[in-house]
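Enquirer: Before we start, here is the structure in question, set down as structure tokens.
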Amino acid sequence: MSTFEDLNLSKQLHYAIDDLGFTQPTPIQEQSFPIILSGKDMVGVAQTGTGKTFAYMLPILRDLKFSKQVTPRVLIMVPTRELVLQVVEEIEKLAEYINVRVLGVYGGTNINTQKRAILQGTDIIVATPGRLYDLALSRAIKMKSIQKLVIDEVDVMLDLGFRFQLMNIFEVLPKKRQNIMFSATMTDDVEALINDYFKNPSKVSIAVSGTPLDNISQQCYEVENFYTKVNLLSHLLKDKAAFSKVLVFVSNKKSADRLFLKLDEIYNEELCVIHSNKTQNYRIRSIKQFDEGENRILVATDVMARGLDLDEISHVVNFDTPNFPENYMHRIGRTGRAEHEGKSILFYTDKETAAKEAIEKLMKIEIPKIEFPSEVEISEELTPDERPEEVEINNPHKKGVEDERGAAFHEKSEKNSQVNEGGSYRRLIAKKYKKPRTRGDKNYNKRNKKK
Ligand code: CDP
Ligand code: MG
């Protein structure tokens, strides 16, 4: 095992690491360091919570010379505004003893304030792709001086549909630059992006290991169906002292909303939800309220909660069993962080047994099974997905099924407008000049102002 002494760090970085109380670099940090320092392009793949942020920040800060130049030299792109804030914070900790200017920019906030901040001069920009592109187009950010590009959480970035925005940004960046990419998983999309745009980057891939999670105790319940899971979860959540900060994972937006509606009947005041259909502001608010302890329960989809380093979560509840065992690791890695004890609970139905066994195989453990509590009611109600096919055709609840389709439809269009920030430039311009949409629509401006 190596120590930070083995990395060729500066004194200032050593001081900061001592303050943070870290003793050893993680494997991804250790292996990325010399490659990034050498100036080569690289792709790093390592599971969530293994310290990828510092894996790129250590060599970058080691290398960055003091400068008074106004235009930025390092560009870090992350998929969400939440992550911009988090990465900026992490950099500031690491750069405690270094004279370096860091700025975060993201959509959904006043662009002029950000333009003014950029004019003050900065060394490192942390940005979401949509807002960055807007700033580049309006020439607020000069991209010519960028020497290093980091794309963090590449897999999430592509899952959220940012490929096109990334391509646009590559166009305006100088050809001669170092490209650094980090991802928790090597998906087909990630591989395609790398093959299409980068020439032979060095690859550092840390094998998924089954035991990084020693301080997390794991349990599982076998549960009949979705609504019985709801009953069981409601039952467990009654113990407010033990279940003090609970992150509930579901695999998709539909289930997230369905679960939220049910839990909301009882835990209204204590509950919040995030998924990619929710607006940026809504998501920020939810995460903030949860992180600060104002809300005890957060329901989230996998993609939304990925990458976030939340404080002292008491329980991670896997409301469904992830199909990919790695996702289970990403999920439970949200608790038991930084030496705290964490607890994970998995709900699985008969159908999900195989997925649960795949997880156990990967983790090389058997997740202890807890007896289903007799006081919890077993629900007869089925979700549209759970109903058998034939029944659905003549189903008296057919309306429910149609609602379901409708919801899925909205999901798509909303997702495009809210998460995919591609069209935002035009939207912003339209807003700025407050042009009526049609000549006859005199109330357009008035309506817009109210928002
Ligand atoms: O990006 P990834 O999911 O791999 O992890 P991260 O967001 O960088 O979080 C890693 C956590 O481990 C942070 O809370 C760090 O402060 C901490 N940590 C680290 O990054 N490096 C160490 N050598 C020790 C701890
Ligand atoms: Mg990360």
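In the structure tokens, the first chain shown is A, the next is B, and so on; residue numbers restart at 1 for each chain, and ligands run from 1 in the order shown.
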Set out as JSON lines a contact list for chain A and ligand 1 with a cut-off of 7 Å, giving each residue of chain A that qualifies its closest atom pair and distance in Å to one decimal, counting only C-alpha atoms and all ligand atoms, ordered by chain and rising residue number.

Expert:
{"residue": "A:Phe22", "atom": "CA", "partner": "ligand 1", "partner_atom_place_in_ligand_line": "24 (C)", "distance": 5.1}
{"residue": "A:Thr23", "atom": "CA", "partner": "ligand 1", "partner_atom_place_in_ligand_line": "23 (N)", "distance": 6.6}
{"residue": "A:Gln24", "atom": "CA", "partner": "ligand 1", "partner_atom_place_in_ligand_line": "23 (N)", "distance": 5.2}
{"residue": "A:Pro25", "atom": "CA", "partner": "ligand 1", "partner_atom_place_in_ligand_line": "23 (N)", "distance": 4.0}
{"residue": "A:Thr26", "atom": "CA", "partner": "ligand 1", "partner_atom_place_in_ligand_line": "23 (N)", "distance": 5.0}
{"residue": "A:Ala46", "atom": "CA", "partner": "ligand 1", "partner_atom_place_in_ligand_line": "4 (O)", "distance": 6.5}
{"residue": "A:Gln47", "atom": "CA", "partner": "ligand 1", "partner_atom_place_in_ligand_line": "4 (O)", "distance": 6.1}
{"residue": "A:Thr48", "atom": "CA", "partner": "ligand 1", "partner_atom_place_in_ligand_line": "3 (O)", "distance": 3.5}
{"residue": "A:Gly49", "atom": "CA", "partner": "ligand 1", "partner_atom_place_in_ligand_line": "5 (O)", "distance": 3.6}
{"residue": "A:Thr50", "atom": "CA", "partner": "ligand 1", "partner_atom_place_in_ligand_line": "4 (O)", "distance": 3.9}
{"residue": "A:Gly51", "atom": "CA", "partner": "ligand 1", "partner_atom_place_in_ligand_line": "8 (O)", "distance": 3.5}
{"residue": "A:Lys52", "atom": "CA", "partner": "ligand 1", "partner_atom_place_in_ligand_line": "4 (O)", "distance": 3.9}
{"residue": "A:Thr53", "atom": "CA", "partner": "ligand 1", "partner_atom_place_in_ligand_line": "8 (O)", "distance": 3.9}
{"residue": "A:Phe54", "atom": "CA", "partner": "ligand 1", "partner_atom_place_in_ligand_line": "20 (O)", "distance": 5.5}
{"residue": "A:Gly307", "atom": "CA", "partner": "ligand 1", "partner_atom_place_in_ligand_line": "3 (O)", "distance": 4.9}
{"residue": "A:Leu308", "atom": "CA", "partner": "ligand 1", "partner_atom_place_in_ligand_line": "7 (O)", "distance": 6.4}
{"residue": "A:Asp309", "atom": "CA", "partner": "ligand 1", "partner_atom_place_in_ligand_line": "7 (O)", "distance": 5.6}
{"residue": "A:Ala338", "atom": "CA", "partner": "ligand 1", "partner_atom_place_in_ligand_line": "14 (O)", "distance": 6.5}

Enquirer: Could you give me, as a VMD selection string, the residues within 8 Å of range 268-275 of chain A, counting only C-alpha atoms and dropping anything in the same chain fewer than 5 positions from it?

Expert: chain A and resid 253 256 260 263 282 to 283 286 to 287 290 294 to 301 303 to 304

Enquirer: If you keep N, CA, C and O atoms, can you produce a file of those selected residues as a PDB file, in the first residue's frame?

Expert:
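Writing the result to part.pdb gives the following:
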ATOM      1  N   LYS A 253     -38.366   6.712 -12.701  1.00  0.00           N
ATOM      2  CA  LYS A 253     -39.162   7.878 -12.297  1.00  0.00           C
ATOM      3  C   LYS A 253     -40.579   7.501 -11.910  1.00  0.00           C
ATOM      4  O   LYS A 253     -41.161   8.044 -10.976  1.00  0.00           O
ATOM      5  N   ALA A 256     -40.659   6.077  -8.605  1.00  0.00           N
ATOM      6  CA  ALA A 256     -40.341   7.135  -7.651  1.00  0.00           C
ATOM      7  C   ALA A 256     -41.595   7.941  -7.340  1.00  0.00           C
ATOM      8  O   ALA A 256     -41.926   8.182  -6.175  1.00  0.00           O
ATOM      9  N   PHE A 260     -43.592   7.985  -3.884  1.00  0.00           N
ATOM     10  CA  PHE A 260     -43.690   9.291  -3.225  1.00  0.00           C
ATOM     11  C   PHE A 260     -45.140   9.600  -2.837  1.00  0.00           C
ATOM     12  O   PHE A 260     -45.422  10.003  -1.710  1.00  0.00           O
ATOM     13  N   LEU A 263     -46.152   7.409   0.216  1.00  0.00           N
ATOM     14  CA  LEU A 263     -45.470   7.786   1.467  1.00  0.00           C
ATOM     15  C   LEU A 263     -45.924   9.160   1.943  1.00  0.00           C
ATOM     16  O   LEU A 263     -45.978   9.445   3.135  1.00  0.00           O
ATOM     17  N   TYR A 282     -36.032  22.414  -8.005  1.00  0.00           N
ATOM     18  CA  TYR A 282     -36.713  21.460  -7.141  1.00  0.00           C
ATOM     19  C   TYR A 282     -35.708  20.442  -6.604  1.00  0.00           C
ATOM     20  O   TYR A 282     -35.694  20.107  -5.419  1.00  0.00           O
ATOM     21  N   ARG A 283     -34.836  19.975  -7.495  1.00  0.00           N
ATOM     22  CA  ARG A 283     -33.849  18.973  -7.091  1.00  0.00           C
ATOM     23  C   ARG A 283     -32.884  19.532  -6.056  1.00  0.00           C
ATOM     24  O   ARG A 283     -32.573  18.884  -5.057  1.00  0.00           O
ATOM     25  N   SER A 286     -34.602  19.833  -2.735  1.00  0.00           N
ATOM     26  CA  SER A 286     -34.778  18.526  -2.108  1.00  0.00           C
ATOM     27  C   SER A 286     -33.483  18.046  -1.473  1.00  0.00           C
ATOM     28  O   SER A 286     -33.457  17.607  -0.328  1.00  0.00           O
ATOM     29  N   ILE A 287     -32.416  18.122  -2.233  1.00  0.00           N
ATOM     30  CA  ILE A 287     -31.146  17.606  -1.725  1.00  0.00           C
ATOM     31  C   ILE A 287     -30.675  18.415  -0.535  1.00  0.00           C
ATOM     32  O   ILE A 287     -30.198  17.883   0.464  1.00  0.00           O
ATOM     33  N   PHE A 290     -32.703  17.614   2.520  1.00  0.00           N
ATOM     34  CA  PHE A 290     -32.353  16.287   3.023  1.00  0.00           C
ATOM     35  C   PHE A 290     -30.979  16.328   3.690  1.00  0.00           C
ATOM     36  O   PHE A 290     -30.791  15.853   4.805  1.00  0.00           O
ATOM     37  N   GLU A 294     -33.528  18.688   7.307  1.00  0.00           N
ATOM     38  CA  GLU A 294     -34.870  19.225   7.401  1.00  0.00           C
ATOM     39  C   GLU A 294     -35.897  18.169   6.995  1.00  0.00           C
ATOM     40  O   GLU A 294     -36.973  18.073   7.574  1.00  0.00           O
ATOM     41  N   ASN A 295     -35.550  17.394   5.990  1.00  0.00           N
ATOM     42  CA  ASN A 295     -36.375  16.257   5.591  1.00  0.00           C
ATOM     43  C   ASN A 295     -35.621  14.966   5.907  1.00  0.00           C
ATOM     44  O   ASN A 295     -34.453  14.848   5.594  1.00  0.00           O
ATOM     45  N   ARG A 296     -36.359  14.016   6.469  1.00  0.00           N
ATOM     46  CA  ARG A 296     -35.708  12.792   6.926  1.00  0.00           C
ATOM     47  C   ARG A 296     -35.584  11.761   5.805  1.00  0.00           C
ATOM     48  O   ARG A 296     -34.704  10.913   5.834  1.00  0.00           O
ATOM     49  N   ILE A 297     -36.489  11.848   4.828  1.00  0.00           N
ATOM     50  CA  ILE A 297     -36.575  10.792   3.825  1.00  0.00           C
ATOM     51  C   ILE A 297     -36.422  11.376   2.415  1.00  0.00           C
ATOM     52  O   ILE A 297     -37.119  12.307   2.049  1.00  0.00           O
ATOM     53  N   LEU A 298     -35.502  10.826   1.652  1.00  0.00           N
ATOM     54  CA  LEU A 298     -35.358  11.241   0.254  1.00  0.00           C
ATOM     55  C   LEU A 298     -35.560  10.032  -0.655  1.00  0.00           C
ATOM     56  O   LEU A 298     -34.884   9.018  -0.514  1.00  0.00           O
ATOM     57  N   VAL A 299     -36.531  10.158  -1.565  1.00  0.00           N
ATOM     58  CA  VAL A 299     -36.741   9.122  -2.582  1.00  0.00           C
ATOM     59  C   VAL A 299     -36.002   9.552  -3.836  1.00  0.00           C
ATOM     60  O   VAL A 299     -36.171  10.686  -4.293  1.00  0.00           O
ATOM     61  N   ALA A 300     -35.164   8.677  -4.386  1.00  0.00           N
ATOM     62  CA  ALA A 300     -34.345   9.088  -5.531  1.00  0.00           C
ATOM     63  C   ALA A 300     -34.157   7.957  -6.528  1.00  0.00           C
ATOM     64  O   ALA A 300     -34.172   6.784  -6.161  1.00  0.00           O
ATOM     65  N   THR A 301     -33.977   8.330  -7.775  1.00  0.00           N
ATOM     66  CA  THR A 301     -33.596   7.336  -8.783  1.00  0.00           C
ATOM     67  C   THR A 301     -32.075   7.221  -8.806  1.00  0.00           C
ATOM     68  O   THR A 301     -31.364   8.110  -8.350  1.00  0.00           O
ATOM     69  N   VAL A 303     -29.793   7.476 -11.142  1.00  0.00           N
ATOM     70  CA  VAL A 303     -29.009   8.475 -11.859  1.00  0.00           C
ATOM     71  C   VAL A 303     -28.867   9.764 -11.056  1.00  0.00           C
ATOM     72  O   VAL A 303     -27.796  10.355 -10.973  1.00  0.00           O
ATOM     73  N   MET A 304     -29.970  10.174 -10.409  1.00  0.00           N
ATOM     74  CA  MET A 304     -29.945  11.450  -9.700  1.00  0.00           C
ATOM     75  C   MET A 304     -29.037  11.447  -8.487  1.00  0.00           C
ATOM     76  O   MET A 304     -28.435  12.454  -8.149  1.00  0.00           O
TER      77      MET A 304
END

Enquirer: Show me which residues line ligand 2, defined as having an atom within 12 Å of a ligand atom where only C-alpha atoms and all ligand atoms count, and present them as a PyMOL selection string.

Expert: chain A and resi 28+44-57+76-80+82-84+86-87+90+150-157+181-185+305-309+330+334

Enquirer: Listing only residues of range 288-330 of chain A within 7 Å of range 353-357 of chain A, what is the closest atom pair and its distance in Å (to one decimal) for each, using only C-alpha atoms, sorted by chain and residue number ascending, as a tab-separated table?

Expert:
residue	atom	partner	partner_atom	distance
A:Thr321	CA	A:Lys356	CA	6.4
A:Pro322	CA	A:Ala355	CA	6.8
A:Asn323	CA	A:Ala355	CA	5.6

Enquirer: May I have all residues of range 69-139 of chain A that DSSP, computed from the backbone, assigns to helix (DSSP H, G or I), given as a CSV table (one decimal) with N, CA, C and O atoms, in the first residue's frame?

Expert:
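The file below, states.csv, is the result:
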chain,number,residue,atom,x,y,z
A,81,ARG,N,-26.0,20.5,-11.5
A,81,ARG,CA,-25.6,21.6,-10.8
A,81,ARG,C,-25.2,21.3,-9.4
A,81,ARG,O,-24.3,21.9,-8.8
A,82,GLU,N,-25.9,20.3,-8.8
A,82,GLU,CA,-25.5,19.8,-7.5
A,82,GLU,C,-24.0,19.4,-7.4
A,82,GLU,O,-23.3,19.7,-6.5
A,83,LEU,N,-23.6,18.7,-8.5
A,83,LEU,CA,-22.2,18.3,-8.5
A,83,LEU,C,-21.2,19.5,-8.8
A,83,LEU,O,-20.1,19.4,-8.3
A,84,VAL,N,-21.7,20.5,-9.5
A,84,VAL,CA,-20.8,21.7,-9.6
A,84,VAL,C,-20.5,22.2,-8.3
A,84,VAL,O,-19.3,22.4,-7.9
A,85,LEU,N,-21.5,22.4,-7.4
A,85,LEU,CA,-21.3,22.9,-6.1
A,85,LEU,C,-20.4,22.0,-5.3
A,85,LEU,O,-19.5,22.5,-4.6
A,86,GLN,N,-20.6,20.7,-5.4
A,86,GLN,CA,-19.8,19.8,-4.6
A,86,GLN,C,-18.4,19.8,-5.0
A,86,GLN,O,-17.5,19.8,-4.2
A,87,VAL,N,-18.1,19.7,-6.3
A,87,VAL,CA,-16.8,19.7,-6.8
A,87,VAL,C,-16.0,21.0,-6.5
A,87,VAL,O,-14.9,20.9,-6.1
A,88,VAL,N,-16.7,22.1,-6.6
A,88,VAL,CA,-16.0,23.4,-6.3
A,88,VAL,C,-15.6,23.3,-4.8
A,88,VAL,O,-14.5,23.7,-4.4
A,89,GLU,N,-16.5,22.8,-4.0
A,89,GLU,CA,-16.2,22.7,-2.5
A,89,GLU,C,-15.0,21.8,-2.3
A,89,GLU,O,-14.1,22.2,-1.5
A,90,GLU,N,-15.0,20.7,-2.9
A,90,GLU,CA,-13.8,19.8,-2.8
A,90,GLU,C,-12.5,20.4,-3.2
A,90,GLU,O,-11.5,20.3,-2.5
A,91,ILE,N,-12.6,21.1,-4.3
A,91,ILE,CA,-11.3,21.8,-4.8
A,91,ILE,C,-10.9,22.8,-3.8
A,91,ILE,O,-9.7,22.9,-3.5
A,92,GLU,N,-11.8,23.5,-3.3
A,92,GLU,CA,-11.4,24.6,-2.3
A,92,GLU,C,-10.8,24.0,-1.1
A,92,GLU,O,-9.8,24.6,-0.6
A,93,LYS,N,-11.2,22.8,-0.7
A,93,LYS,CA,-10.6,22.2,0.5
A,93,LYS,C,-9.1,21.8,0.1
A,93,LYS,O,-8.2,22.0,0.9
A,94,LEU,N,-9.0,21.2,-1.0
A,94,LEU,CA,-7.7,20.7,-1.4
A,94,LEU,C,-6.7,21.9,-1.7
A,94,LEU,O,-5.5,21.7,-1.6
A,111,ILE,N,-27.5,34.4,-15.6
A,111,ILE,CA,-26.2,34.2,-16.4
A,111,ILE,C,-25.3,35.5,-16.3
A,111,ILE,O,-24.1,35.4,-16.4
A,112,ASN,N,-25.9,36.6,-16.1
A,112,ASN,CA,-25.1,37.9,-16.0
A,112,ASN,C,-24.2,37.9,-14.8
A,112,ASN,O,-23.1,38.4,-14.8
A,113,THR,N,-24.8,37.4,-13.7
A,113,THR,CA,-23.9,37.3,-12.4
A,113,THR,C,-22.7,36.4,-12.7
A,113,THR,O,-21.6,36.8,-12.3
A,114,GLN,N,-23.0,35.3,-13.4
A,114,GLN,CA,-21.9,34.4,-13.7
A,114,GLN,C,-20.9,35.1,-14.7
A,114,GLN,O,-19.7,34.9,-14.6
A,115,LYS,N,-21.4,35.9,-15.7
A,115,LYS,CA,-20.5,36.6,-16.6
A,115,LYS,C,-19.6,37.5,-15.9
A,115,LYS,O,-18.4,37.6,-16.2
A,116,ARG,N,-20.2,38.2,-14.9
A,116,ARG,CA,-19.3,39.2,-14.1
A,116,ARG,C,-18.3,38.4,-13.3
A,116,ARG,O,-17.1,38.9,-13.3
A,117,ALA,N,-18.6,37.3,-12.8
A,117,ALA,CA,-17.7,36.5,-12.0
A,117,ALA,C,-16.5,36.0,-12.9
A,117,ALA,O,-15.4,36.0,-12.5
A,118,ILE,N,-16.9,35.7,-14.1
A,118,ILE,CA,-15.8,35.2,-15.0
A,118,ILE,C,-14.9,36.3,-15.4
A,118,ILE,O,-13.7,36.1,-15.5
A,119,LEU,N,-15.4,37.5,-15.5
A,119,LEU,CA,-14.6,38.7,-15.8
A,119,LEU,C,-13.5,39.0,-14.7
A,119,LEU,O,-12.5,39.6,-15.0
A,129,PRO,N,-22.7,21.3,-18.9
A,129,PRO,CA,-22.4,21.6,-20.3
A,129,PRO,C,-23.3,22.6,-20.9
A,129,PRO,O,-22.8,23.5,-21.7
A,130,GLY,N,-24.6,22.6,-20.6
A,130,GLY,CA,-25.5,23.6,-21.2
A,130,GLY,C,-25.1,25.0,-21.0
A,130,GLY,O,-25.0,25.8,-21.9
A,131,ARG,N,-25.0,25.4,-19.7
A,131,ARG,CA,-24.6,26.7,-19.3
A,131,ARG,C,-23.3,27.1,-19.9
A,131,ARG,O,-23.0,28.2,-20.3
A,132,LEU,N,-22.3,26.2,-19.8
A,132,LEU,CA,-21.0,26.5,-20.3
A,132,LEU,C,-21.1,26.9,-21.8
A,132,LEU,O,-20.4,27.8,-22.2
A,133,TYR,N,-21.8,26.1,-22.6
A,133,TYR,CA,-21.9,26.4,-24.0
A,133,TYR,C,-22.5,27.8,-24.2
A,133,TYR,O,-22.1,28.6,-25.1
A,134,ASP,N,-23.6,28.1,-23.5
A,134,ASP,CA,-24.2,29.4,-23.6
A,134,ASP,C,-23.1,30.5,-23.3
A,134,ASP,O,-23.1,31.5,-24.0
A,135,LEU,N,-22.4,30.3,-22.3
A,135,LEU,CA,-21.3,31.3,-21.9
A,135,LEU,C,-20.2,31.4,-23.0
A,135,LEU,O,-19.7,32.5,-23.2
A,136,ALA,N,-19.9,30.3,-23.6
A,136,ALA,CA,-18.9,30.3,-24.6
A,136,ALA,C,-19.4,31.0,-25.9
A,136,ALA,O,-18.7,31.8,-26.5
A,137,LEU,N,-20.7,30.7,-26.2
A,137,LEU,CA,-21.3,31.3,-27.4
A,137,LEU,C,-21.4,32.8,-27.3
A,137,LEU,O,-21.1,33.6,-28.2

Enquirer: Wanna dump the range 277-393 of chain A-range 97-108 of chain A contacts at 10 Å for me, each residue with its shortest atom pair and the distance in Å to one decimal, counting only C-alpha atoms, ordered by chain and number, as CSV?

Expert:
residue,atom,partner,partner_atom,distance
A:Thr279,CA,A:Gly108,CA,9.1
A:Gln280,CA,A:Gly108,CA,6.8
A:Asn281,CA,A:Gly108,CA,7.3

Enquirer: Go ahead and save the residues from that selection, with N, CA and C atoms, as a PDB file, in the first residue's frame.

Expert:
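Written file, selection-v4.pdb:
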ATOM      1  N   THR A 279     -37.571  19.790 -11.835  1.00  0.00           N
ATOM      2  CA  THR A 279     -36.749  20.910 -12.273  1.00  0.00           C
ATOM      3  C   THR A 279     -35.484  20.992 -11.429  1.00  0.00           C
ATOM      4  N   GLN A 280     -34.513  21.673 -12.002  1.00  0.00           N
ATOM      5  CA  GLN A 280     -33.230  21.849 -11.327  1.00  0.00           C
ATOM      6  C   GLN A 280     -33.417  22.417  -9.927  1.00  0.00           C
ATOM      7  N   ASN A 281     -34.229  23.463  -9.832  1.00  0.00           N
ATOM      8  CA  ASN A 281     -34.421  24.106  -8.532  1.00  0.00           C
ATOM      9  C   ASN A 281     -35.068  23.170  -7.528  1.00  0.00           C
TER      10      ASN A 281
END

Enquirer: At what distance in Å, to one decimal, does CA of Ile141 in chain A lie from CA of Asn277 in chain A?

Expert: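 Separation between CA of Asn277 in chain A and CA of Ile141 in chain A: 29.2 Å.
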
Enquirer: Report, in Å with one decimal, the straight-line distance from CA of Tyr227 in chain A to CA of Ser379 in chain A.

Expert: 5.8 Å

Enquirer: From a DSSP pass on the backbone, collect the residues of range 46-231 of chain A flagged as strand (DSSP E) and hand them back as a PyMOL selection string.

Expert: chain A and resi 74-77+102-105+124-127+148-151+178-183+202-205+216-222

Enquirer: Show which residues sit within 10 Å of Pro373 in chain A, as a list in words. Count only C-alpha atoms, and ignore same-chain residues fewer than 5 positions away.

Expert: Tyr221, Leu232, His235 and Leu236 of chain A

Enquirer: For those residues, write C-alpha atoms to a file as an mmCIF file, in the first residue's frame.

Expert:
data_model
loop_
_atom_site.group_PDB
_atom_site.id
_atom_site.type_symbol
_atom_site.label_atom_id
_atom_site.label_comp_id
_atom_site.auth_asym_id
_atom_site.auth_seq_id
_atom_site.Cartn_x
_atom_site.Cartn_y
_atom_site.Cartn_z
ATOM 1 C CA TYR A 221 -36.597 -8.632 3.199
ATOM 2 C CA LEU A 232 -43.115 -2.331 4.982
ATOM 3 C CA HIS A 235 -43.641 0.564 9.044
ATOM 4 C CA LEU A 236 -39.847 0.797 9.305
#

Enquirer: Record the distance separating CA of Phe319 in chain A and CA of Arg387 in chain A, expressed in Å with one decimal.

Expert: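 Spanning CA of Phe319 in chain A to CA of Arg387 in chain A is a straight-line distance of 18.7 Å.
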
Enquirer: Using only C-alpha atoms, pick whichever of A:Lys203, A:Asp189, A:Ser67, A:Tyr267 has the shortest atom-to-atom distance to Gly161 in chain A.

Expert: A:Asp189

Enquirer: Per residue of range 118-209 of chain A within 7 Å of range 38-41 of chain A, record the nearest atom pair and its distance in Å to one decimal, counting only C-alpha atoms, with rows in chain order and ascending residue number, as a tab-separated table.

Expert:
residue	atom	partner	partner_atom	distance
A:Gln178	CA	A:Asp41	CA	5.5
A:Asn179	CA	A:Asp41	CA	4.8
A:Ile180	CA	A:Asp41	CA	5.7
A:Pro201	CA	A:Asp41	CA	4.7
A:Ser202	CA	A:Asp41	CA	6.2

Enquirer: Pick out the residues sitting within 6 Å of range 122-124 of chain A, and hand them over as a list in words; count only C-alpha atoms, and ignore anything fewer than 5 positions along from it in its own chain.

Expert: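 With the cut-off at 6 Å, the set is Val70, Pro72, Arg73, Val74, Leu75, Arg101 and Val102 of chain A.
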